[in-house]
>>> print(open('model35.cif').read())   # mmCIF, C-alpha atoms
data_work
#
loop_
_atom_site.label_atom_id
_atom_site.label_comp_id
_atom_site.auth_asym_id
_atom_site.auth_seq_id
_atom_site.Cartn_x
_atom_site.Cartn_y
_atom_site.Cartn_z
CA MET A 1 61.17 106.41 87.47
CA LYS A 2 63.72 107.46 90.06
CA THR A 3 64.64 103.85 90.64
CA LYS A 4 65.23 103.26 86.94
CA ALA A 5 67.40 106.36 86.72
CA GLY A 6 69.34 105.19 89.76
CA ASN A 7 69.88 101.78 88.17
CA LYS A 8 71.09 103.42 84.96
CA LYS A 9 73.64 105.41 86.95
CA VAL A 10 74.86 102.28 88.72
CA ASN A 11 75.07 100.37 85.42
CA LYS A 12 76.97 103.25 83.77
CA ALA A 13 79.40 103.43 86.69
CA TRP A 14 79.94 99.65 86.57
CA LEU A 15 80.48 99.72 82.80
CA HIS A 16 82.95 102.60 83.12
CA ASP A 17 84.91 100.76 85.83
CA HIS A 18 84.78 97.51 83.85
CA ILE A 19 86.06 99.04 80.60
CA ASN A 20 88.88 100.84 82.43
CA ASP A 21 89.76 97.88 84.67
CA PRO A 22 93.44 96.94 84.11
CA TYR A 23 92.64 93.23 84.62
CA VAL A 24 89.88 93.36 82.00
CA LYS A 25 92.35 94.91 79.55
CA LEU A 26 95.01 92.35 80.48
CA ALA A 27 92.53 89.46 80.06
CA THR A 28 91.59 90.72 76.60
CA ARG A 29 95.25 91.10 75.64
CA GLU A 30 96.27 87.67 76.97
CA GLY A 31 93.23 85.79 75.66
CA TYR A 32 91.43 85.00 78.92
CA ARG A 33 87.65 84.89 78.91
CA ALA A 34 87.36 86.79 82.20
CA ARG A 35 89.52 88.81 84.59
CA ALA A 36 88.92 86.05 87.18
CA ALA A 37 91.91 84.19 85.69
CA TYR A 38 94.22 86.57 87.55
CA LYS A 39 92.64 85.74 90.91
CA LEU A 40 93.55 82.08 90.54
CA LYS A 41 96.93 83.01 89.06
CA GLU A 42 97.88 85.05 92.15
CA ILE A 43 96.62 82.34 94.54
CA ASP A 44 98.57 79.69 92.64
CA GLU A 45 101.75 81.78 92.47
CA THR A 46 101.50 82.56 96.20
CA LEU A 47 101.05 78.95 97.31
CA GLY A 48 102.46 76.90 94.39
CA LEU A 49 99.35 74.74 94.10
CA ILE A 50 99.22 73.63 90.45
CA LYS A 51 102.11 71.56 89.10
CA PRO A 52 102.84 69.66 85.85
CA GLY A 53 101.16 66.26 85.71
CA TYR A 54 98.38 67.25 88.10
CA LEU A 55 94.69 66.42 87.79
CA VAL A 56 92.67 69.59 88.45
CA VAL A 57 88.88 69.76 88.80
CA ASP A 58 87.26 73.16 88.19
CA LEU A 59 83.81 73.46 89.81
CA GLY A 60 81.61 76.24 88.46
CA CYS A 61 84.01 76.62 85.54
CA THR A 62 81.92 78.67 83.07
CA PRO A 63 82.93 80.88 81.25
CA GLY A 64 86.28 79.09 81.55
CA ALA A 65 88.91 81.60 82.69
CA TRP A 66 90.14 79.41 85.57
CA SER A 67 90.32 76.35 83.30
CA GLN A 68 92.24 78.46 80.77
CA TYR A 69 94.75 79.45 83.45
CA VAL A 70 95.16 75.83 84.62
CA ARG A 71 95.54 74.70 81.01
CA ARG A 72 98.42 77.14 80.46
CA ARG A 73 99.94 76.19 83.80
CA LEU A 74 100.00 72.51 82.79
CA SER A 75 101.38 73.24 79.33
CA PRO A 76 105.16 72.62 79.04
CA THR A 77 105.48 75.97 77.25
CA GLY A 78 102.65 77.88 78.97
CA ALA A 79 100.66 77.87 75.74
CA ALA A 80 96.88 78.04 75.40
CA VAL A 81 96.95 75.19 72.86
CA GLY A 82 99.14 72.19 72.09
CA ALA A 83 100.90 69.84 74.50
CA LEU A 84 99.39 69.36 77.95
CA ASN A 85 101.05 67.65 80.92
CA GLY A 86 98.10 66.94 83.18
CA THR A 87 94.31 66.58 83.25
CA ILE A 88 91.62 69.25 83.62
CA ILE A 89 87.96 68.50 84.22
CA GLY A 90 85.46 71.35 84.37
CA LEU A 91 81.87 71.19 85.65
CA ASP A 92 79.11 73.76 85.50
CA LEU A 93 75.34 74.03 85.32
CA LEU A 94 75.77 76.41 82.38
CA PRO A 95 77.29 75.58 78.98
CA MET A 96 80.92 76.50 78.26
CA GLU A 97 82.70 77.13 74.98
CA PRO A 98 85.29 74.35 74.50
CA ILE A 99 88.87 74.81 75.73
CA GLU A 100 91.51 72.60 74.14
CA GLY A 101 92.49 69.80 76.53
CA VAL A 102 89.70 70.49 79.05
CA THR A 103 87.02 67.83 79.62
CA PHE A 104 83.79 69.70 80.27
CA ILE A 105 80.72 68.18 81.93
CA GLN A 106 77.51 70.21 82.06
CA GLY A 107 75.20 69.49 84.96
CA ASP A 108 74.85 69.31 88.73
CA PHE A 109 77.45 67.00 90.30
CA ARG A 110 74.95 66.11 93.05
CA GLU A 111 72.94 64.21 90.42
CA ALA A 112 73.83 60.55 89.88
CA ASP A 113 74.22 60.69 86.09
CA VAL A 114 76.48 63.77 86.24
CA LEU A 115 78.56 62.23 89.02
CA ALA A 116 78.90 59.06 86.91
CA LYS A 117 80.24 61.15 83.99
CA LEU A 118 82.70 62.81 86.34
CA GLU A 119 83.91 59.50 87.75
CA GLN A 120 84.33 58.21 84.19
CA ALA A 121 86.45 61.28 83.36
CA LEU A 122 88.54 60.76 86.52
CA GLN A 123 89.35 57.19 85.37
CA GLY A 124 89.92 55.96 88.90
CA ARG A 125 92.21 58.86 89.81
CA GLN A 126 91.78 61.46 92.54
CA ALA A 127 92.25 65.17 91.95
CA ASP A 128 95.44 66.89 93.10
CA VAL A 129 93.67 70.26 93.22
CA VAL A 130 89.99 71.26 93.23
CA VAL A 131 89.11 74.87 92.44
CA SER A 132 85.65 76.33 92.93
CA ASP A 133 84.52 79.72 91.69
CA MET A 134 80.89 78.74 92.33
CA ALA A 135 78.63 81.53 93.52
CA PRO A 136 74.86 81.55 94.06
CA ASN A 137 72.40 83.95 92.48
CA LEU A 138 72.04 86.46 95.29
CA SER A 139 68.55 87.54 96.34
CA GLY A 140 69.53 90.53 98.46
CA ILE A 141 68.01 88.85 101.54
CA SER A 142 71.12 88.46 103.67
CA SER A 143 70.06 85.40 105.68
CA ALA A 144 68.97 83.49 102.55
CA ASP A 145 72.11 84.51 100.65
CA ALA A 146 74.36 83.49 103.55
CA ALA A 147 72.72 80.05 103.58
CA ARG A 148 73.17 79.65 99.80
CA ILE A 149 76.85 80.65 99.98
CA GLU A 150 77.50 78.30 102.89
CA HIS A 151 75.76 75.44 101.06
CA LEU A 152 77.93 75.83 97.93
CA VAL A 153 81.11 75.84 100.02
CA GLU A 154 79.93 72.72 101.86
CA LEU A 155 79.37 71.04 98.48
CA ALA A 156 82.89 71.96 97.33
CA ILE A 157 84.40 70.60 100.57
CA GLU A 158 82.36 67.40 100.34
CA PHE A 159 83.43 66.98 96.72
CA ALA A 160 87.09 67.39 97.70
CA GLN A 161 86.71 64.88 100.53
CA ASN A 162 85.30 62.31 98.10
CA HIS A 163 87.40 62.97 94.98
CA MET A 164 90.71 64.57 96.03
CA LYS A 165 94.01 63.14 97.25
CA PRO A 166 94.54 63.46 101.03
CA GLN A 167 97.45 65.88 100.48
CA GLY A 168 95.51 67.92 97.88
CA ALA A 169 94.27 71.51 97.94
CA LEU A 170 90.84 73.12 97.58
CA VAL A 171 90.45 76.75 96.49
CA ALA A 172 86.92 78.11 97.02
CA LYS A 173 85.34 81.52 96.58
CA VAL A 174 83.56 82.76 99.71
CA PHE A 175 82.00 86.05 100.78
CA HIS A 176 82.41 88.15 103.89
CA GLY A 177 79.04 88.41 105.57
CA GLY A 178 76.65 86.41 107.69
CA SER A 179 78.01 82.99 106.74
CA TYR A 180 81.75 83.77 106.63
CA ASN A 181 82.72 82.53 110.10
CA ASP A 182 80.69 79.34 109.64
CA VAL A 183 82.33 78.72 106.28
CA VAL A 184 85.81 79.16 107.81
CA GLN A 185 84.87 76.64 110.51
CA HIS A 186 83.76 74.15 107.82
CA PHE A 187 87.17 74.55 106.18
CA LYS A 188 89.04 74.16 109.46
CA ALA A 189 87.11 70.98 110.22
CA ALA A 190 88.01 69.53 106.80
CA PHE A 191 91.61 70.68 106.25
CA GLU A 192 94.88 70.65 108.16
CA VAL A 193 95.80 74.17 106.99
CA VAL A 194 93.41 76.96 105.94
CA LYS A 195 94.59 80.17 104.28
CA PRO A 196 92.33 83.14 103.42
CA LEU A 197 93.50 85.19 100.42
CA LYS A 198 92.16 88.34 98.73
CA PRO A 199 93.91 88.58 95.34
CA LYS A 200 94.66 92.00 93.87
CA ALA A 201 92.35 91.19 90.94
CA SER A 202 89.43 90.88 93.37
CA ARG A 203 87.85 94.34 93.43
CA ASP A 204 88.27 96.27 96.69
CA ARG A 205 84.55 96.89 97.07
CA SER A 206 83.72 93.22 96.51
CA SER A 207 83.03 91.13 99.61
CA GLU A 208 84.52 88.07 97.91
CA THR A 209 87.62 86.41 99.22
CA PHE A 210 89.09 82.94 98.74
CA LEU A 211 89.80 80.16 101.18
CA VAL A 212 92.48 77.59 100.44
CA GLY A 213 92.35 74.28 102.30
CA LEU A 214 95.58 72.24 102.29
CA GLY A 215 95.67 68.57 103.30
CA LEU A 216 92.43 66.80 104.13
CA ARG A 217 91.85 65.84 107.74
CA LYS A 218 90.87 62.21 108.21
CA HIS A 219 87.13 61.67 108.47
CA PRO A 220 86.03 61.02 112.04
CA VAL A 221 85.31 57.32 112.49
#
>>> encode(input="model35.cif", output="C-alpha cells")
Amino acid sequence: MKTKAGNKKVNKAWLHDHINDPYVKLATREGYRARAAYKLKEIDETLGLIKPGYLVVDLGCTPGAWSQYVRRRLSPTGAAVGALNGTIIGLDLLPMEPIEGVTFIQGDFREADVLAKLEQALQGRQADVVVSDMAPNLSGISSADAARIEHLVELAIEFAQNHMKPQGALVAKVFHGGSYNDVVQHFKAAFEVVKPLKPKASRDRSSETFLVGLGLRKHPV
C-alpha cells in the first residue's frame, strides 16, 4: 500500500508540474502536439540546421511535434498548413495523426519492407537533416537501459550514413548515464563536428540531452 501511495504522490507531482509547465502552455497555445517542439526549435535556431527546400527525416516522430516544427520551418509563411518548400518524412513504430505535407511511414526501418517504403518516399534523394527523438522503454536496470539507448543512437547514425548528404546534420536524443561517453564516441567517429546541447525546454531534472553531428566523415575503406 505504501508503494501505491508513493506512486500517487509522484504522479500528482508530475501532473502538477506538467499542467503548470510554460512549454506545455505554449505548445497548447501554438498548436503543437507536445512541448518537445521547443527543444528542436532551440537547437535549430542555435545552429541554423533546417532551411527552405530541405528534405528532413524525422525518426521516432510520433506524436508529431518535431514534424510540426519542421513543417512550419519549411513553410514560406511559417504556417501549419498550406504551401510547403521542402520534404518531410516521418517514421515511427507507433501510429501518428496526419500532419499536412508530412509523409508518414509506420514501422521499423530495419525491416526490408519499411526501408523500401522509405526509399520510395525519398525518390532517390538524400536527406539534408535527420532528427531522432527515439527513446527506448526504460526498464530501470541501468546496464540494460544504457545498452538500449546506445543501440538506438547507433541506428540513427547508421541511418544518417546511408540516407543523408555528406554535409548534412543529425540531431539525436541521448541520455547522461552509463552509455553517454560511448554514444559521444560513436558520434565523433561518424561526424566531423559534434555539439552537445541541452535546450531550455528539456526539464532540468531530466537526464536527456541532444547531440548534433555535422558533416559525415568518410567511411573507412
>>> closest_residue(input="model35.cif", among="A:Leu55, A:Gln68, A:Lys39, A:Pro136", to="A:Tyr23", atoms="all atoms listed in the file")
A:Lys39
>>> resolve_selection(input="model35.cif", expression="the PyMOL selection byres ((chain A and resi 40-51) around 8)", output="list in words")
Ala36, Ala37, Tyr38, Lys39, Pro52, Gly53, Tyr54, Val56, Trp66, Tyr69, Val70, Arg73, Leu74, Val129, Ala169, Leu197, Pro199 and Lys200 of chain A
>>> resolve_selection(input="model35.cif", expression="the PyMOL selection byres ((chain A and resi 62) around 10)", output="PyMOL selection string")
chain A and resi 33-34+58-61+63-67+90-97+104+106+133-134
>>> residues_around(input="model35.cif", residues="A:Phe109", least_positions_apart="3", cutoff="8 Å", atoms="only C-alpha atoms", output="VMD selection string")
chain A and resid 91 112 114 to 115 118
>>> atom_distance(input="model35.cif", atom1="atom CA of A:Gln185", atom2="atom CA of A:Glu208")
17.0 Å
>>> atom_distance(input="model35.cif", atom1="atom CA of A:His151", atom2="atom CA of A:Val130")
16.8 Å
>>> residues_around(input="model35.cif", residues="A:Gly124", least_positions_apart="2", cutoff="12 Å", atoms="only C-alpha atoms", output="NGL selection string")
:A and (55 or 116 or 118-122 or 126-127 or 163-165)
>>> closest_residue(input="model35.cif", among="A:Lys25, A:Arg203, A:Arg148, A:Lys198", to="A:Val183", atoms="all atoms listed in the file")
A:Arg148
>>> residues_around(input="model35.cif", residues="A:Ser75", least_positions_apart="6", cutoff="8 Å", atoms="only C-alpha atoms", output="number ranges by chain")
A: 52, 82-85
>>> atom_distance(input="model35.cif", atom1="atom CA of A:Ser207", atom2="atom CA of A:Val193")
22.5 Å
>>> closest_residue(input="model35.cif", among="A:Asn162, A:Leu155, A:Val81, A:Val212", to="A:Lys195", atoms="all atoms listed in the file")
A:Val212
>>> closest_residue(input="model35.cif", among="A:Val184, A:Ala144, A:Leu138, A:Ala190", to="A:Ile157", atoms="only C-alpha atoms")
A:Ala190
>>> resolve_selection(input="model35.cif", expression="the PyMOL selection byres ((chain A and resi 211) around 8)", output="ChimeraX atom specification")
/A:170-174,184,187,194-197,209-210,212-213
>>> decode(input="model35.cif", residues="stretch 160-178 of chain A", atoms="C-alpha atoms", output="PDB file, in the first residue's frame")
ATOM      1  CA  ALA A 160      22.249   9.051 -41.500  1.00  0.00           C
ATOM      2  CA  GLN A 161      25.334   7.429 -43.019  1.00  0.00           C
ATOM      3  CA  ASN A 162      23.159   5.568 -45.526  1.00  0.00           C
ATOM      4  CA  HIS A 163      20.489   8.172 -46.312  1.00  0.00           C
ATOM      5  CA  MET A 164      21.910  11.650 -45.614  1.00  0.00           C
ATOM      6  CA  LYS A 165      24.031  14.047 -47.661  1.00  0.00           C
ATOM      7  CA  PRO A 166      27.715  14.131 -46.625  1.00  0.00           C
ATOM      8  CA  GLN A 167      27.367  17.749 -45.438  1.00  0.00           C
ATOM      9  CA  GLY A 168      24.102  17.017 -43.573  1.00  0.00           C
ATOM     10  CA  ALA A 169      23.252  17.105 -39.871  1.00  0.00           C
ATOM     11  CA  LEU A 170      21.895  14.537 -37.417  1.00  0.00           C
ATOM     12  CA  VAL A 171      20.118  15.587 -34.216  1.00  0.00           C
ATOM     13  CA  ALA A 172      19.643  12.716 -31.745  1.00  0.00           C
ATOM     14  CA  LYS A 173      18.281  12.494 -28.222  1.00  0.00           C
ATOM     15  CA  VAL A 174      20.695  10.847 -25.779  1.00  0.00           C
ATOM     16  CA  PHE A 175      20.809  10.398 -22.014  1.00  0.00           C
ATOM     17  CA  HIS A 176      23.513  11.079 -19.461  1.00  0.00           C
ATOM     18  CA  GLY A 177      24.367   7.812 -17.784  1.00  0.00           C
ATOM     19  CA  GLY A 178      26.260   4.603 -18.376  1.00  0.00           C
TER      20      GLY A 178
END
